[in-house]
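*Asks:* Provided herewith is a single structure, encoded as structure tokens, for subsequent inquiry.
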Amino acid sequence: MPILKAAIIGGGHIADQNHIPALKSLPERVELIAVCSRDILKARALADKHAIPLAFDNAAVMFESDNKPDMIINCTANNLHYPFTMQALENNCHVLCEKPPAMNAAQALEMADLAKERGKVLAYNFQLRHTPEYSLLKRFLENGRLGKVYHIKANFLRRRGIPSWGNFTNKSIQGGGALMDLGVHVLDLALGLLDYSEPDRLIANTYDFIGKAGGKGLMGSWDPEKFEVEDACFAHLSFPNNASITLSASFALNTKMQKNVNLEVFGTKAGAVLNPFSVFSEVDGELLDMEFPHLEEADIQLKNTIAFLDACDGKSSNICDATQGAILQKIVEAIYKSAEK
């Protein structure tokens with residue numbers, strides 16, 4: 001396969017610490033040629049830091065250049081995922097976009113439709129799919145050891161973890177709070193265990209009590225006057241086959257654990273907890289608990305980048321594709337609408 005030329009759009013922390021190191025570690029598959037940011041000084045500084053030759057402050061100019069990219073990593077703020085992804089697809093580039101897919105379901109669907117029309121890969125950076133624990137959980141499901149999975153508890157909770165920097169509490173930029181930033185990660189994992197089917201019923205509540213009160217948390221102090229999003233979201237999703245998901249996400253919640261990122265999975269043959277990975281079943285009339293203390297750590301960003309490149313090469317890969325991204329965004333929108341009612 002030919003080496004793909006890649007460009008980064010968005011010059012922030014996620015590009016610097018996650019995507020660029022992953023791309024730079026795969027020189028046999030991808031060449032990182034450019035960084036684009038609205039601030040040319042920021043783009044140039046990031047490009048120089050990582051020995052990337054080109055820097056732009058205008059994506060249109062980048063796409064018209066002689067050294068045009070084949071693929072884009074979209075690391076912009078949530079409200080810019082849609083316009084920059086659409087622009088990249090219109091310029092016949094594959095796109096790996098940061099999560100969440102978009103600000104609303106209509107945008108995510110339009111992005112998926114254009115990717116299909118142009119014959120390009122559009123995928124999203126849900127890298128938790130590549131933890132050793134989730135990979136093993138999927139194998140247990142696929143080989144029938146769990147039986148039929150009928151309920152999943154999906155948690156991404158922080159005790160007092162409202163970010164005190166960036167735009168995390170700005171609704172017009174982020175589109176939402178704990179659900180859009182954190183909950184989508186475990187929602188993706190849970191949906192992946194249910195063949196990414198769509199719920200036919202859901203009910204949800206969102207809250208902003210702690211965010212609106214202000215205070216100091218584990219990520220510094222935040223301004224309650226500028227807190228425009230939910231600090232907690234709870235939803236129950238019911239599916240046509242009678243399976244269900246209970247989703248809980250919080251920036252701030254009066255709970256014991258500082259952070260709780262986990263799935264509890266209940267099947268007809270066995271149940272499982274994702275972190276630390278454990279399985280609970282019955283053998284020969286006796287209860288059986290299985291633990292796996294020797295799972296090796298993995299570079300999940302690197303694995304998700306490889307999965308994206310595999311998809312670009314036409315190979316099968318475990319990536320959140322455009323269709324799944326549109327389904328997830330539709331569910332997120334339905335959760336917010338239910339909470340508003």
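Ordering of the structure tokens sets the chain letters (A, B, ...), residue numbers begin anew at 1 in every chain, and ligands are numbered from 1 in the order given.
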Using only C-alpha atoms, which protein or nucleic acid residues come within 12 Å of Ile173 of chain A? Drop anything in the same chain fewer than 6 positions from it, and give the result as a compact mmCIF listing (two decimals) with C-alpha atoms, in the first residue's frame.
*Replies:*
```txt
# COMPACT_ATOMS: atom_id res chain seq x y z
CA THR A 76 -10.67 20.81 16.49
CA ALA A 77 -13.32 21.82 19.04
CA ASN A 78 -16.65 20.00 18.85
CA ASN A 79 -18.41 22.77 16.92
CA LEU A 80 -15.73 22.56 14.20
CA HIS A 81 -15.83 18.79 13.67
CA ALA A 102 -20.64 16.33 15.71
CA MET A 103 -22.91 18.80 17.48
CA GLY A 166 -10.58 25.37 27.57
CA ASN A 167 -14.21 25.40 26.41
CA MET A 180 -20.59 14.80 25.11
CA ASP A 181 -17.10 14.72 26.63
CA GLU A 228 -23.61 26.29 30.50
CA VAL A 229 -23.63 22.47 30.25
```
*Asks:* So that I can check the surroundings of Ser238 of chain A, please list as a list in words every protein, DNA and RNA residue that reaches within 10 Å of it, counting only C-alpha atoms and ignoring chain neighbours fewer than 6 positions away.
*Replies:*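 Everything that qualifies: Tyr150, His151, Glu198, Pro199, Asp200, Arg201, Leu202, Ile203, Ser244, Ile245 and Thr246 of chain A.
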*Asks:* Include N, CA and C atoms and write out the residues we just selected as a PDB file, in the first residue's frame.
*Replies:*
```pdb
ATOM      1  N   TYR A 150     -27.997  -8.930  28.026  1.00  0.00           N
ATOM      2  CA  TYR A 150     -29.295  -8.271  28.083  1.00  0.00           C
ATOM      3  C   TYR A 150     -29.281  -6.949  28.857  1.00  0.00           C
ATOM      4  N   HIS A 151     -28.224  -6.684  29.634  1.00  0.00           N
ATOM      5  CA  HIS A 151     -28.148  -5.377  30.295  1.00  0.00           C
ATOM      6  C   HIS A 151     -26.699  -4.980  30.495  1.00  0.00           C
ATOM      7  N   GLU A 198     -29.962   0.408  17.524  1.00  0.00           N
ATOM      8  CA  GLU A 198     -30.536   1.655  18.020  1.00  0.00           C
ATOM      9  C   GLU A 198     -31.653   1.367  19.018  1.00  0.00           C
ATOM     10  N   PRO A 199     -31.715   2.110  20.121  1.00  0.00           N
ATOM     11  CA  PRO A 199     -32.802   1.917  21.088  1.00  0.00           C
ATOM     12  C   PRO A 199     -34.129   2.403  20.515  1.00  0.00           C
ATOM     13  N   ASP A 200     -35.198   1.758  20.953  1.00  0.00           N
ATOM     14  CA  ASP A 200     -36.515   2.238  20.552  1.00  0.00           C
ATOM     15  C   ASP A 200     -37.198   3.043  21.657  1.00  0.00           C
ATOM     16  N   ARG A 201     -36.608   3.016  22.864  1.00  0.00           N
ATOM     17  CA  ARG A 201     -37.121   3.818  23.976  1.00  0.00           C
ATOM     18  C   ARG A 201     -35.943   4.296  24.819  1.00  0.00           C
ATOM     19  N   LEU A 202     -36.066   5.495  25.356  1.00  0.00           N
ATOM     20  CA  LEU A 202     -35.063   5.947  26.320  1.00  0.00           C
ATOM     21  C   LEU A 202     -35.659   7.033  27.195  1.00  0.00           C
ATOM     22  N   ILE A 203     -35.099   7.174  28.369  1.00  0.00           N
ATOM     23  CA  ILE A 203     -35.471   8.247  29.282  1.00  0.00           C
ATOM     24  C   ILE A 203     -34.190   8.745  29.930  1.00  0.00           C
ATOM     25  N   SER A 244     -30.841  -3.679  27.306  1.00  0.00           N
ATOM     26  CA  SER A 244     -30.897  -2.322  27.836  1.00  0.00           C
ATOM     27  C   SER A 244     -29.513  -1.858  28.274  1.00  0.00           C
ATOM     28  N   ILE A 245     -29.353  -0.543  28.311  1.00  0.00           N
ATOM     29  CA  ILE A 245     -28.127   0.111  28.776  1.00  0.00           C
ATOM     30  C   ILE A 245     -28.523   1.179  29.780  1.00  0.00           C
ATOM     31  N   THR A 246     -27.858   1.206  30.919  1.00  0.00           N
ATOM     32  CA  THR A 246     -27.955   2.327  31.841  1.00  0.00           C
ATOM     33  C   THR A 246     -26.646   3.105  31.745  1.00  0.00           C
TER      34      THR A 246
END
```
*Asks:* Using only C-alpha atoms, determine which residues lie at most 12 Å from Thr305 of chain A, disregarding the query and same-chain residues fewer than 2 positions distant; provide the list as a PyMOL selection string.
*Replies:* chain A and resi 6+18-26+29-30+71-73+95-98+123-127+129-130+299-303+307-312+317-320
*Asks:* Quick one: DSSP strand (DSSP E or B) residues in segment 177-268 of chain A, as a ChimeraX atom specification?
*Replies:* /A:201-207,215-218,220-222,232-238,244-250,252,259-267
*Asks:* Output C-alpha atoms for every residue in the selection just made, as a short mmCIF file (atom, residue, chain, number, x, y, z; two decimals), in the first residue's frame.
*Replies:*
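The new file part-v6.cif reads:
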```
data_model
loop_
_atom_site.label_atom_id
_atom_site.label_comp_id
_atom_site.auth_asym_id
_atom_site.auth_seq_id
_atom_site.Cartn_x
_atom_site.Cartn_y
_atom_site.Cartn_z
CA ARG A 201 -37.12 3.82 23.98
CA LEU A 202 -35.06 5.95 26.32
CA ILE A 203 -35.47 8.25 29.28
CA ALA A 204 -32.83 10.62 30.60
CA ASN A 205 -32.08 13.32 33.14
CA THR A 206 -29.32 15.91 33.20
CA TYR A 207 -28.21 18.11 36.11
CA GLY A 215 -16.08 25.61 43.70
CA LYS A 216 -12.75 23.89 43.51
CA GLY A 217 -12.32 20.40 42.13
CA LEU A 218 -9.66 17.95 41.09
CA GLY A 220 -9.02 23.39 39.47
CA SER A 221 -11.72 26.01 39.97
CA TRP A 222 -14.35 26.90 37.41
CA ALA A 232 -24.13 14.90 35.22
CA CYS A 233 -26.29 12.81 32.90
CA PHE A 234 -28.18 9.58 33.56
CA ALA A 235 -30.05 7.66 30.86
CA HIS A 236 -31.78 4.33 30.41
CA LEU A 237 -31.87 2.93 26.88
CA SER A 238 -34.13 0.03 25.87
CA SER A 244 -30.90 -2.32 27.84
CA ILE A 245 -28.13 0.11 28.78
CA THR A 246 -27.96 2.33 31.84
CA LEU A 247 -25.57 5.18 31.07
CA SER A 248 -24.09 7.47 33.74
CA ALA A 249 -21.67 10.32 33.07
CA SER A 250 -20.47 13.15 35.28
CA ALA A 252 -18.97 16.40 39.13
CA LYS A 259 -12.97 8.53 38.81
CA ASN A 260 -15.00 5.54 37.68
CA VAL A 261 -14.74 4.37 34.07
CA ASN A 262 -16.34 0.97 33.74
CA LEU A 263 -18.84 -1.41 32.19
CA GLU A 264 -20.83 -4.03 34.04
CA VAL A 265 -22.18 -6.58 31.59
CA PHE A 266 -24.94 -9.07 32.36
CA GLY A 267 -25.44 -12.10 30.12
#
```
*Asks:* Can you measure atom CA of Asn58 of chain A to atom CA of Ile306 of chain A for me? One decimal in Å is fine.
*Replies:*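 Atom-to-atom, atom CA of Asn58 of chain A to atom CA of Ile306 of chain A, that is 27.5 Å.
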*Asks:* Taking only C-alpha atoms into account, which of A:Ala270, A:Ala105, A:Met62, A:Ile8 comes nearest Leu328 of chain A?
*Replies:*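 Under the stated criterion, the closest residue is A:Ala105.
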